[in-house]
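Undergrad: Structure provided below as structure tokens; questions to follow.
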Amino acid sequence: MASIKFAVDGKTVTVNADPNMPLLYALRNDLKMSNPHFGCGLAQCGACTVHLEGEPVRSCVMPLSAVAGKKVTTLQGLGTPEKPHPLQAAYVEEQVPQCGYCINGWIMTAAAFLKKKPKATDAEIRDALAGLKCRCATHAAIMRAIKRAQTQMA
Amino acid sequence: MNAPLSRREFLKASGALIVTAAGPAFIGEALAQTAAGAKPPLVPTELDSWVAITPDGRVTAFFGKMDMGQSLDIAIAQIVADELDVAVDKVDVVMGDTALTCNQGGASGSTGIQSGARPLRNAAAEARRLLVHSASQKLGLPAEQLRVDDGVVSAVSDPAKKASYAELIGGRHFHHQVEWNKQIGNAMDIKVQANPKSPSEYRIVGKSLTRRDLPGKVYRTEKYVTDISLPKMLHARVIRCARAACTVAGIDESSIKRVKGARVVREKDFVAVVADHEWDAVRASRMLKISWNEIKKDPFPPMAEIYDHIRKAPVVKREDAVKKGDLEGAFKTAAKVVEAEYEWPFQSHASMGPGCSVADVRADGVTVWTGSQKPHFVQTGVARLLGVPPEKVRAIWVAGPGSYGRNDAGDAALDAALLSKLTGRPVRVQGMRSDGIAWDPKGPASVHRGRAAFDASGKVIGYEFISKGFSRRNIDTNESDPRDSLAGMSIGLPPKPSIDFGVPAEAYGFDSKLLAWEVIPPLLDASSPLRSSHLRDPVGPQIQFGSEQFIDELAIAAGEDPVAFRLKYLSAPRDAAVIKAAAEKAGWQPRQAPRAARSGDVLSGRGIAYAQRNGTLVAVVAEIEVERKSGRIWGKKFTVAHDCGLIINPEGLRYTIEGNVVQGLSRTLFEEVRFDREKVTSVDWLSYPILEIRDAPEAIEVVLINRPEIAPSGAGEPSIRVVPAAVANAFFDATGVRLRRAPLTPERVKAALARA
Ligand code: FES
Ligand code: FES
């Protein structure tokens, strides 16, 4: 057991837990921030994606010890209905999600990528989103939403 | 009692003090509480079971199916709003809670609108009739002289004479009987005195209104089943042997001693670990030492021989679903006979997250939160498993990680219920990734044989298409019987397999025709990771992968263009219309043979496929690229023409079709459950790859054919069944080579091109 302090969505938190426990379980169980999902626990799908210091990471395989003293942002921290991130707004406008269980992966990964490369081409976007899964197969709508967000972010 | 609200009822009701619950968890629940004791029992014969007016004049529709993200919530709201003449944003749709909705069968077979909307439409129409009637009494005017605008009944001649729905009945109940057709599930319907509107009167139906579940999902303010948490709740992981056909020999409980609070829960061969913290349950499940007895050596044939196994296996049941004309004679006199066989693998639901459920079994009642798309059947299944009356069980659907049929969510619900009973605490179960891929019920593997006879003029005079494979319902399509669940089978309940498959759904008018299916025994009787059940568009993709490729082969054999050939044998106008619409929109270039130009590494081709599904017609043109060196197929563009009768919400329909096309492409190109002699070896996304965005189409064009005069049929699944054959036909057009075994992987592409 260890006491690990970090920031989530702008709030400082302390979790007393096994330092090897993946961050995902700390967020969902200890901090009751259930927005990142368990999809695979294997870094193969993206459902658990959060930003660590602005970079997308798979929280299902990120040991809690690795986030000590760092800044974590979840989808809820990215934007709210009142102050949406352009990708979230575009996701609603393009009616992207079916089950919606995958969206943390897509939005958090795309948000970090577009920040670096707001004018990315379709091919670059597809490359940047490699490895993410959407079993409901909403990929066509995902591309539309990202392009819509790009125009907002430009 | 088929009477409008009586005066006595009105007086009684108007004296009641109505208090609304603040911040209800479920709208319908608040309503039920508001009128505690007054609401009639939840039976299909009560109008109150279908529709309610809240004190502030909002409308609640109680829908016994659920929306898996395919726009059903808004579509039902549109239908109800039109019938009741209220604004659509005043309609709330409560779904998937067995305490609040009748058993309309849950999500099932693309029937959400086709059959699910019927009783709602009728109920809303009847509610409007009753409300207008009571307004007529109140205002002293005949009903014919009244109109309804956004929930306000007023005199046509004098708008000042009015009564709102809220005034007339808000917060109270209709206490009005309707005629139920005595059907449970998809077929449930009611008859009422009111006449629902004719399509020409619709103002809201037919509009592309935005779904209302989106913000909750995108900002993650809405709970998923995985987020349900109760005080004192235990987290559980069910332990399944990696190998199939095993029973528990021994458990070393000391192996998890180091995990504080973790313990083993067991009944017969059902084993789980529970802990207060989820991570401890996960850790303990990995550390637990357990030894197994192998009850059957090599339960599975070698994977490479699965199709030979199917060919050779005995037939437990055969059905000749379509049989007409003198088939034997046709083949005897044929000038030419064409034959081909097609093969389709086991496929997994592989939902985005493993199945999850929370159950709270108490002496006075059981509550189960489930992501299963059929909560009413969860209620029955849990009741049977625990030996309690169904009315003591409440199942509440909460959106889960995807749902495309009988997936692992059904098993999770019964796992959670059993564990809550065994521990005396609320229990949350979620599988690990392998539970959702290796252990979910599978779409059945199958072999499809086509045979056709041509006369000397090149006309098809005999046509035969026979599918042979594992049952589509080795375990049933829902979890209402614990014998169909892993928990049930693990505690020794005997399995109850059903035998069922299907035939191509088409209208080709060949002189003689046989469409048949044959089902073979399961590889393993009980607790099989390869047990087969319903996966989106049950047996549709595999059958049509064969039949619509075979039609293409016949076109080429006859020296005809695949579109022209289909149209020649299709006289039904709606069938022909979707083919023409798809071909026209895609700019179809007729060809009687595959494309001749084949230079360069990237070859391109286009193919078409068409099918019916329970009244819906769909055709798709696939345009693909084949990379010769890598063997990669890219489904670049799809053009779909879709006719499901009256369209309720065009945009919602379009997105639903897009999802079907891309999931269909994934199933066609990538998906195959792998196994060895003793276990399923597809356990994660590496060993069960699905389509990623790199391989998503560049464009999906959808032509929606609206037929307001025809009652709506389903749209949740029909468009997936045409995708595999369209891609395979496009591959033939590009390369001149047939790929008759799915999935069309790079290895198979390269091997086929090398052989050519
Ligand atoms: S849950 Fe973390 S990548 Fe799948
Ligand atoms: S919307 Fe269901 S997995 Fe992406």
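Labels used: A, B, ... for chains in the order of the structure tokens, numbers from 1 for residues in each chain, and numbers from 1 for ligands as shown.
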For chain A, which residues have at least one atom within 6 Å of chain B, if we go by only C-alpha atoms? Write them as a PyMOL selection string, please.
TA: chain A and resi 35+39-40+76+80+92+98-101+126+135+137-138
Undergrad: Can I get the selection written as an mmCIF file, in the first residue's frame, with N, CA, C and O atoms?
TA:
data_model
loop_
_atom_site.group_PDB
_atom_site.id
_atom_site.type_symbol
_atom_site.label_atom_id
_atom_site.label_comp_id
_atom_site.auth_asym_id
_atom_site.auth_seq_id
_atom_site.Cartn_x
_atom_site.Cartn_y
_atom_site.Cartn_z
ATOM 1 N N ASN A 35 -15.846 7.811 -15.493
ATOM 2 C CA ASN A 35 -15.963 8.035 -16.934
ATOM 3 C C ASN A 35 -14.983 7.280 -17.816
ATOM 4 O O ASN A 35 -15.367 6.832 -18.877
ATOM 5 N N GLY A 39 -12.231 -1.619 -20.909
ATOM 6 C CA GLY A 39 -12.595 -2.317 -22.145
ATOM 7 C C GLY A 39 -11.829 -3.606 -22.291
ATOM 8 O O GLY A 39 -12.388 -4.652 -22.599
ATOM 9 N N CYS A 40 -10.517 -3.534 -22.048
ATOM 10 C CA CYS A 40 -9.690 -4.716 -22.265
ATOM 11 C C CYS A 40 -8.659 -4.918 -21.156
ATOM 12 O O CYS A 40 -8.228 -6.032 -20.923
ATOM 13 N N GLN A 76 -14.390 13.936 -18.606
ATOM 14 C CA GLN A 76 -15.216 14.930 -17.910
ATOM 15 C C GLN A 76 -14.442 16.212 -17.643
ATOM 16 O O GLN A 76 -15.035 17.279 -17.546
ATOM 17 N N THR A 80 -17.427 20.120 -20.561
ATOM 18 C CA THR A 80 -18.714 19.857 -19.928
ATOM 19 C C THR A 80 -19.812 20.332 -20.879
ATOM 20 O O THR A 80 -19.526 21.033 -21.846
ATOM 21 N N VAL A 92 -21.666 15.300 -30.428
ATOM 22 C CA VAL A 92 -23.123 15.394 -30.256
ATOM 23 C C VAL A 92 -23.767 15.794 -31.575
ATOM 24 O O VAL A 92 -24.745 15.185 -32.017
ATOM 25 N N GLN A 98 -22.934 5.138 -30.644
ATOM 26 C CA GLN A 98 -24.083 4.250 -30.449
ATOM 27 C C GLN A 98 -24.069 3.884 -28.974
ATOM 28 O O GLN A 98 -24.654 4.578 -28.161
ATOM 29 N N CYS A 99 -23.341 2.814 -28.587
ATOM 30 C CA CYS A 99 -23.284 2.525 -27.149
ATOM 31 C C CYS A 99 -22.458 3.580 -26.423
ATOM 32 O O CYS A 99 -22.679 3.865 -25.256
ATOM 33 N N GLY A 100 -21.476 4.141 -27.105
ATOM 34 C CA GLY A 100 -20.679 5.211 -26.519
ATOM 35 C C GLY A 100 -19.591 4.748 -25.568
ATOM 36 O O GLY A 100 -18.879 5.572 -24.986
ATOM 37 N N TYR A 101 -19.417 3.455 -25.434
ATOM 38 C CA TYR A 101 -18.458 2.932 -24.464
ATOM 39 C C TYR A 101 -17.014 3.207 -24.899
ATOM 40 O O TYR A 101 -16.108 3.163 -24.097
ATOM 41 N N ARG A 126 -6.264 9.269 -39.353
ATOM 42 C CA ARG A 126 -6.442 7.806 -39.261
ATOM 43 C C ARG A 126 -5.229 7.149 -38.601
ATOM 44 O O ARG A 126 -5.374 6.245 -37.790
ATOM 45 N N ARG A 135 -16.615 -1.017 -31.426
ATOM 46 C CA ARG A 135 -17.308 -2.219 -31.880
ATOM 47 C C ARG A 135 -18.630 -1.895 -32.572
ATOM 48 O O ARG A 135 -19.090 -2.648 -33.410
ATOM 49 N N ALA A 137 -18.923 0.291 -34.570
ATOM 50 C CA ALA A 137 -18.481 0.645 -35.920
ATOM 51 C C ALA A 137 -19.006 2.002 -36.369
ATOM 52 O O ALA A 137 -19.554 2.154 -37.456
ATOM 53 N N THR A 138 -18.793 2.986 -35.526
ATOM 54 C CA THR A 138 -19.250 4.340 -35.859
ATOM 55 C C THR A 138 -18.156 5.154 -36.558
ATOM 56 O O THR A 138 -18.194 6.383 -36.556
#
Undergrad: Enumerate as number ranges by chain the residues within 9 Å of ligand 1, counting only C-alpha atoms and all ligand atoms.
TA: A: 24, 36-49, 57-62, 105, 131-133; B: 352-353, 433
Undergrad: Which residues are close to Asp122 in chain A, i.e. within 9 Å by only C-alpha atoms, leaving aside same-chain residues fewer than 3 positions away? Reply as a count of residues only.
TA: 5
Undergrad: Enumerate as a ChimeraX atom specification all residues of range 522-600 of chain B assigned to helix (DSSP H, G or I) by DSSP on the backbone, naming them with the chain letters and numbers the document uses.
TA: /B:540-557,562-569,573-586
Undergrad: Tell me, as a PDB file with all heavy atoms, in the first residue's frame, which residues lie within 7 Å of range 672-677 of chain B, counting only C-alpha atoms; anything in the same chain fewer than 2 positions away does not count.
TA:
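Dumped everything to part02.pdb:
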ATOM      1  N   ASP B 298      -9.892 -33.368 -26.216  1.00  0.00           N
ATOM      2  CA  ASP B 298     -10.019 -32.701 -27.516  1.00  0.00           C
ATOM      3  C   ASP B 298     -11.465 -32.456 -27.930  1.00  0.00           C
ATOM      4  O   ASP B 298     -11.958 -33.045 -28.896  1.00  0.00           O
ATOM      5  CB  ASP B 298      -9.332 -33.548 -28.601  1.00  0.00           C
ATOM      6  CG  ASP B 298      -7.829 -33.603 -28.392  1.00  0.00           C
ATOM      7  OD1 ASP B 298      -7.306 -32.767 -27.636  1.00  0.00           O
ATOM      8  OD2 ASP B 298      -7.194 -34.490 -28.982  1.00  0.00           O
ATOM      9  N   PRO B 299     -12.149 -31.593 -27.206  1.00  0.00           N
ATOM     10  CA  PRO B 299     -13.551 -31.357 -27.557  1.00  0.00           C
ATOM     11  C   PRO B 299     -13.760 -30.739 -28.943  1.00  0.00           C
ATOM     12  O   PRO B 299     -14.828 -30.895 -29.518  1.00  0.00           O
ATOM     13  CB  PRO B 299     -14.033 -30.383 -26.464  1.00  0.00           C
ATOM     14  CG  PRO B 299     -12.803 -29.784 -25.869  1.00  0.00           C
ATOM     15  CD  PRO B 299     -11.726 -30.811 -26.023  1.00  0.00           C
ATOM     16  N   PHE B 300     -12.726 -30.093 -29.467  1.00  0.00           N
ATOM     17  CA  PHE B 300     -12.914 -29.410 -30.754  1.00  0.00           C
ATOM     18  C   PHE B 300     -12.077 -30.079 -31.846  1.00  0.00           C
ATOM     19  O   PHE B 300     -10.986 -30.580 -31.572  1.00  0.00           O
ATOM     20  CB  PHE B 300     -12.502 -27.933 -30.648  1.00  0.00           C
ATOM     21  CG  PHE B 300     -13.240 -27.190 -29.566  1.00  0.00           C
ATOM     22  CD1 PHE B 300     -12.593 -26.233 -28.793  1.00  0.00           C
ATOM     23  CD2 PHE B 300     -14.585 -27.444 -29.313  1.00  0.00           C
ATOM     24  CE1 PHE B 300     -13.271 -25.539 -27.797  1.00  0.00           C
ATOM     25  CE2 PHE B 300     -15.269 -26.760 -28.321  1.00  0.00           C
ATOM     26  CZ  PHE B 300     -14.613 -25.811 -27.551  1.00  0.00           C
ATOM     27  N   PRO B 301     -12.548 -30.028 -33.074  1.00  0.00           N
ATOM     28  CA  PRO B 301     -11.715 -30.505 -34.183  1.00  0.00           C
ATOM     29  C   PRO B 301     -10.606 -29.486 -34.434  1.00  0.00           C
ATOM     30  O   PRO B 301     -10.704 -28.347 -33.982  1.00  0.00           O
ATOM     31  CB  PRO B 301     -12.696 -30.538 -35.359  1.00  0.00           C
ATOM     32  CG  PRO B 301     -13.734 -29.523 -35.030  1.00  0.00           C
ATOM     33  CD  PRO B 301     -13.833 -29.491 -33.534  1.00  0.00           C
ATOM     34  N   PRO B 302      -9.560 -29.869 -35.139  1.00  0.00           N
ATOM     35  CA  PRO B 302      -8.546 -28.863 -35.493  1.00  0.00           C
ATOM     36  C   PRO B 302      -9.231 -27.730 -36.257  1.00  0.00           C
ATOM     37  O   PRO B 302     -10.103 -27.980 -37.090  1.00  0.00           O
ATOM     38  CB  PRO B 302      -7.577 -29.627 -36.403  1.00  0.00           C
ATOM     39  CG  PRO B 302      -7.811 -31.069 -36.092  1.00  0.00           C
ATOM     40  CD  PRO B 302      -9.240 -31.193 -35.680  1.00  0.00           C
ATOM     41  N   MET B 303      -8.826 -26.505 -35.957  1.00  0.00           N
ATOM     42  CA  MET B 303      -9.503 -25.364 -36.569  1.00  0.00           C
ATOM     43  C   MET B 303      -9.469 -25.438 -38.095  1.00  0.00           C
ATOM     44  O   MET B 303     -10.435 -25.088 -38.766  1.00  0.00           O
ATOM     45  CB  MET B 303      -8.841 -24.077 -36.082  1.00  0.00           C
ATOM     46  CG  MET B 303      -9.573 -22.847 -36.569  1.00  0.00           C
ATOM     47  SD  MET B 303      -8.866 -21.353 -35.875  1.00  0.00           S
ATOM     48  CE  MET B 303      -9.480 -20.165 -37.042  1.00  0.00           C
ATOM     49  N   PRO B 345     -16.848 -18.424 -40.619  1.00  0.00           N
ATOM     50  CA  PRO B 345     -16.329 -18.910 -39.332  1.00  0.00           C
ATOM     51  C   PRO B 345     -17.226 -18.558 -38.136  1.00  0.00           C
ATOM     52  O   PRO B 345     -18.171 -17.784 -38.260  1.00  0.00           O
ATOM     53  CB  PRO B 345     -15.017 -18.131 -39.204  1.00  0.00           C
ATOM     54  CG  PRO B 345     -15.336 -16.808 -39.834  1.00  0.00           C
ATOM     55  CD  PRO B 345     -16.283 -17.113 -40.976  1.00  0.00           C
ATOM     56  N   PHE B 346     -16.879 -19.105 -36.983  1.00  0.00           N
ATOM     57  CA  PHE B 346     -17.452 -18.611 -35.727  1.00  0.00           C
ATOM     58  C   PHE B 346     -17.023 -17.156 -35.565  1.00  0.00           C
ATOM     59  O   PHE B 346     -15.875 -16.804 -35.831  1.00  0.00           O
ATOM     60  CB  PHE B 346     -16.904 -19.390 -34.535  1.00  0.00           C
ATOM     61  CG  PHE B 346     -17.473 -20.773 -34.369  1.00  0.00           C
ATOM     62  CD1 PHE B 346     -16.699 -21.903 -34.623  1.00  0.00           C
ATOM     63  CD2 PHE B 346     -18.784 -20.959 -33.930  1.00  0.00           C
ATOM     64  CE1 PHE B 346     -17.217 -23.180 -34.449  1.00  0.00           C
ATOM     65  CE2 PHE B 346     -19.313 -22.229 -33.750  1.00  0.00           C
ATOM     66  CZ  PHE B 346     -18.523 -23.345 -34.009  1.00  0.00           C
ATOM     67  N   GLN B 347     -17.948 -16.325 -35.114  1.00  0.00           N
ATOM     68  CA  GLN B 347     -17.584 -14.946 -34.803  1.00  0.00           C
ATOM     69  C   GLN B 347     -18.085 -14.583 -33.410  1.00  0.00           C
ATOM     70  O   GLN B 347     -19.045 -15.166 -32.906  1.00  0.00           O
ATOM     71  CB  GLN B 347     -18.151 -13.981 -35.864  1.00  0.00           C
ATOM     72  CG  GLN B 347     -17.473 -14.196 -37.228  1.00  0.00           C
ATOM     73  CD  GLN B 347     -17.869 -13.173 -38.277  1.00  0.00           C
ATOM     74  OE1 GLN B 347     -18.985 -12.668 -38.271  1.00  0.00           O
ATOM     75  NE2 GLN B 347     -16.949 -12.882 -39.201  1.00  0.00           N
ATOM     76  N   SER B 348     -17.395 -13.618 -32.819  1.00  0.00           N
ATOM     77  CA  SER B 348     -17.696 -13.211 -31.443  1.00  0.00           C
ATOM     78  C   SER B 348     -18.427 -11.867 -31.437  1.00  0.00           C
ATOM     79  O   SER B 348     -18.208 -11.031 -32.306  1.00  0.00           O
ATOM     80  CB  SER B 348     -16.383 -13.079 -30.664  1.00  0.00           C
ATOM     81  OG  SER B 348     -16.595 -12.425 -29.425  1.00  0.00           O
ATOM     82  N   PHE B 670     -11.989  -9.311 -41.256  1.00  0.00           N
ATOM     83  CA  PHE B 670     -11.070  -9.566 -40.142  1.00  0.00           C
ATOM     84  C   PHE B 670     -11.479 -10.668 -39.177  1.00  0.00           C
ATOM     85  O   PHE B 670     -10.629 -11.243 -38.519  1.00  0.00           O
ATOM     86  CB  PHE B 670     -10.900  -8.276 -39.317  1.00  0.00           C
ATOM     87  CG  PHE B 670     -10.340  -7.130 -40.100  1.00  0.00           C
ATOM     88  CD1 PHE B 670     -11.164  -6.119 -40.575  1.00  0.00           C
ATOM     89  CD2 PHE B 670      -8.989  -7.082 -40.393  1.00  0.00           C
ATOM     90  CE1 PHE B 670     -10.651  -5.072 -41.309  1.00  0.00           C
ATOM     91  CE2 PHE B 670      -8.463  -6.030 -41.133  1.00  0.00           C
ATOM     92  CZ  PHE B 670      -9.296  -5.019 -41.600  1.00  0.00           C
ATOM     93  N   LYS B 679      -9.483 -25.398 -26.632  1.00  0.00           N
ATOM     94  CA  LYS B 679      -9.930 -24.088 -26.127  1.00  0.00           C
ATOM     95  C   LYS B 679     -10.024 -23.062 -27.247  1.00  0.00           C
ATOM     96  O   LYS B 679      -9.438 -23.236 -28.313  1.00  0.00           O
ATOM     97  CB  LYS B 679      -8.996 -23.580 -25.032  1.00  0.00           C
ATOM     98  CG  LYS B 679      -7.588 -23.319 -25.510  1.00  0.00           C
ATOM     99  CD  LYS B 679      -6.692 -22.838 -24.376  1.00  0.00           C
ATOM    100  CE  LYS B 679      -5.257 -22.694 -24.813  1.00  0.00           C
ATOM    101  NZ  LYS B 679      -4.633 -23.951 -25.271  1.00  0.00           N
ATOM    102  N   VAL B 680     -10.755 -21.997 -26.941  1.00  0.00           N
ATOM    103  CA  VAL B 680     -10.771 -20.847 -27.847  1.00  0.00           C
ATOM    104  C   VAL B 680      -9.505 -20.047 -27.590  1.00  0.00           C
ATOM    105  O   VAL B 680      -9.183 -19.720 -26.446  1.00  0.00           O
ATOM    106  CB  VAL B 680     -12.028 -19.992 -27.604  1.00  0.00           C
ATOM    107  CG1 VAL B 680     -11.936 -18.665 -28.370  1.00  0.00           C
ATOM    108  CG2 VAL B 680     -13.278 -20.751 -28.049  1.00  0.00           C
ATOM    109  N   THR B 681      -8.779 -19.753 -28.639  1.00  0.00           N
ATOM    110  CA  THR B 681      -7.524 -19.019 -28.475  1.00  0.00           C
ATOM    111  C   THR B 681      -7.671 -17.540 -28.847  1.00  0.00           C
ATOM    112  O   THR B 681      -6.721 -16.781 -28.735  1.00  0.00           O
ATOM    113  CB  THR B 681      -6.398 -19.664 -29.305  1.00  0.00           C
ATOM    114  OG1 THR B 681      -6.833 -19.751 -30.664  1.00  0.00           O
ATOM    115  CG2 THR B 681      -6.066 -21.053 -28.793  1.00  0.00           C
ATOM    116  N   SER B 682      -8.848 -17.142 -29.284  1.00  0.00           N
ATOM    117  CA  SER B 682      -9.133 -15.710 -29.451  1.00  0.00           C
ATOM    118  C   SER B 682      -9.551 -15.179 -28.098  1.00  0.00           C
ATOM    119  O   SER B 682     -10.643 -15.470 -27.618  1.00  0.00           O
ATOM    120  CB  SER B 682     -10.275 -15.488 -30.450  1.00  0.00           C
ATOM    121  OG  SER B 682      -9.858 -15.741 -31.758  1.00  0.00           O
ATOM    122  N   TYR B 688      -8.275 -11.558 -31.746  1.00  0.00           N
ATOM    123  CA  TYR B 688      -9.563 -11.411 -32.437  1.00  0.00           C
ATOM    124  C   TYR B 688      -9.635  -9.983 -32.992  1.00  0.00           C
ATOM    125  O   TYR B 688     -10.335  -9.121 -32.474  1.00  0.00           O
ATOM    126  CB  TYR B 688     -10.753 -11.676 -31.509  1.00  0.00           C
ATOM    127  CG  TYR B 688     -12.064 -11.765 -32.272  1.00  0.00           C
ATOM    128  CD1 TYR B 688     -12.396 -12.925 -32.966  1.00  0.00           C
ATOM    129  CD2 TYR B 688     -12.940 -10.688 -32.350  1.00  0.00           C
ATOM    130  CE1 TYR B 688     -13.572 -13.017 -33.697  1.00  0.00           C
ATOM    131  CE2 TYR B 688     -14.122 -10.762 -33.077  1.00  0.00           C
ATOM    132  CZ  TYR B 688     -14.428 -11.933 -33.750  1.00  0.00           C
ATOM    133  OH  TYR B 688     -15.589 -12.019 -34.488  1.00  0.00           O
ATOM    134  N   PRO B 743     -13.057 -14.921 -42.999  1.00  0.00           N
ATOM    135  CA  PRO B 743     -12.895 -13.568 -43.509  1.00  0.00           C
ATOM    136  C   PRO B 743     -11.886 -13.490 -44.643  1.00  0.00           C
ATOM    137  O   PRO B 743     -11.059 -14.391 -44.800  1.00  0.00           O
ATOM    138  CB  PRO B 743     -12.383 -12.813 -42.269  1.00  0.00           C
ATOM    139  CG  PRO B 743     -11.662 -13.837 -41.453  1.00  0.00           C
ATOM    140  CD  PRO B 743     -12.405 -15.121 -41.683  1.00  0.00           C
TER     141      PRO B 743
END
Undergrad: Which neighbours of Arg148 in chain A fall inside 10 Å, counting only C-alpha atoms, when residues of the same chain fewer than 3 positions from it are skipped, and could you give them as a list in words?
TA: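 Surrounding residues, per the criterion: Pro86, Leu87, Ala89, Ala90, Tyr91, Glu93, Glu94, Ile142, Met143, Arg144, Ala145, Thr151, Gln152 and Met153 of chain A.
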Undergrad: Do you know which residues are at most 9 Å from Ser65 in chain A counting only C-alpha atoms, after dropping those on the same chain fewer than 6 positions away, and could you put them as a list in words?
TA: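 Skipping anything fewer than 6 positions along the chain leaves Ala2, Ile4, Asp18, Pro19, Asn20, Met21, Pro22 and Leu23 of chain A.
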Undergrad: Those selected residues, please, written with all heavy atoms and delivered as a short mmCIF file (atom, residue, chain, number, x, y, z; two decimals), in the first residue's frame.
TA:
data_model
loop_
_atom_site.label_atom_id
_atom_site.label_comp_id
_atom_site.auth_asym_id
_atom_site.auth_seq_id
_atom_site.Cartn_x
_atom_site.Cartn_y
_atom_site.Cartn_z
N ALA A 2 0.41 2.22 -0.69
CA ALA A 2 1.13 3.50 -0.71
C ALA A 2 0.10 4.61 -0.82
O ALA A 2 -1.01 4.40 -1.26
CB ALA A 2 2.07 3.54 -1.90
N ILE A 4 -0.69 7.89 -2.67
CA ILE A 4 -0.23 8.54 -3.89
C ILE A 4 -1.10 9.76 -4.19
O ILE A 4 -2.33 9.67 -4.22
CB ILE A 4 -0.21 7.54 -5.06
CG1 ILE A 4 0.91 6.53 -4.79
CG2 ILE A 4 0.02 8.24 -6.40
CD1 ILE A 4 0.84 5.28 -5.57
N ASP A 18 -2.43 -0.11 -3.63
CA ASP A 18 -1.33 -0.83 -4.21
C ASP A 18 -0.73 0.03 -5.33
O ASP A 18 -1.43 0.39 -6.28
CB ASP A 18 -1.92 -2.15 -4.77
CG ASP A 18 -0.95 -2.92 -5.64
OD1 ASP A 18 0.24 -2.54 -5.70
OD2 ASP A 18 -1.39 -3.92 -6.25
N PRO A 19 0.56 0.38 -5.22
CA PRO A 19 1.15 1.26 -6.24
C PRO A 19 1.15 0.64 -7.63
O PRO A 19 1.27 1.36 -8.63
CB PRO A 19 2.57 1.52 -5.73
CG PRO A 19 2.83 0.48 -4.68
CD PRO A 19 1.51 0.05 -4.13
N ASN A 20 1.02 -0.67 -7.69
CA ASN A 20 0.98 -1.34 -9.00
C ASN A 20 -0.42 -1.36 -9.60
O ASN A 20 -0.62 -1.79 -10.72
CB ASN A 20 1.47 -2.78 -8.88
CG ASN A 20 2.94 -2.82 -8.54
OD1 ASN A 20 3.72 -2.03 -9.06
ND2 ASN A 20 3.30 -3.71 -7.61
N MET A 21 -1.40 -0.95 -8.79
CA MET A 21 -2.76 -0.96 -9.31
C MET A 21 -2.86 0.01 -10.49
O MET A 21 -2.38 1.13 -10.41
CB MET A 21 -3.74 -0.53 -8.22
CG MET A 21 -5.18 -0.41 -8.71
SD MET A 21 -6.35 -0.11 -7.35
CE MET A 21 -6.14 1.65 -7.12
N PRO A 22 -3.48 -0.42 -11.59
CA PRO A 22 -3.63 0.52 -12.71
C PRO A 22 -4.46 1.74 -12.30
O PRO A 22 -5.41 1.64 -11.53
CB PRO A 22 -4.36 -0.30 -13.77
CG PRO A 22 -4.06 -1.73 -13.43
CD PRO A 22 -3.96 -1.76 -11.93
N LEU A 23 -4.07 2.87 -12.86
CA LEU A 23 -4.75 4.14 -12.59
C LEU A 23 -6.27 4.02 -12.79
O LEU A 23 -7.06 4.62 -12.06
CB LEU A 23 -4.17 5.20 -13.53
CG LEU A 23 -4.87 6.55 -13.59
CD1 LEU A 23 -4.83 7.25 -12.24
CD2 LEU A 23 -4.22 7.43 -14.68
#
Undergrad: One decimal, in Å: what's the spacing between CA of Phe465 in chain B and CA of Phe501 in chain B?
TA: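 Straight-line distance from CA of Phe465 in chain B to CA of Phe501 in chain B works out to 13.2 Å.
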Undergrad: Fewer than 2 positions away in the same chain doesn't count, so skip those; otherwise give me all residues within 8 Å of range 67-70 of chain A, counting only C-alpha atoms, as a PyMOL selection string.
TA: chain A and resi 4-7+23+52-53+63-65+72
Undergrad: Go through A:Gln95, A:Gln150, A:Ser34, A:Asn104 one by one, measure the shortest atom-to-atom distance of each to Lys119 in chain A using only C-alpha atoms, and give the residue with the smallest value.
TA: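 The answer is A:Gln150, which sits nearest to Lys119 in chain A.
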Undergrad: Identify all residues of chain A in strand (DSSP E or B) (DSSP on the backbone) and supply them as a ChimeraX atom specification.
TA: /A:2-8,11-17,22,49-52,55-58,63,71-73
Undergrad: Rounded to one decimal place, report the CA of Ala581 in chain B-CA of Cys134 in chain A distance in Å.
TA: 29.6 Å
Undergrad: Just to confirm, what's the straight-line distance from CA of Phe510 in chain B to CA of Ala334 in chain B in Å (one decimal)?
TA: 13.6 Å
Undergrad: Which of these, A:Ala110, A:Ala66, A:Cys102, A:Leu31, has the shortest distance to ligand 2 once you count only C-alpha atoms and all ligand atoms?
TA: A:Cys102
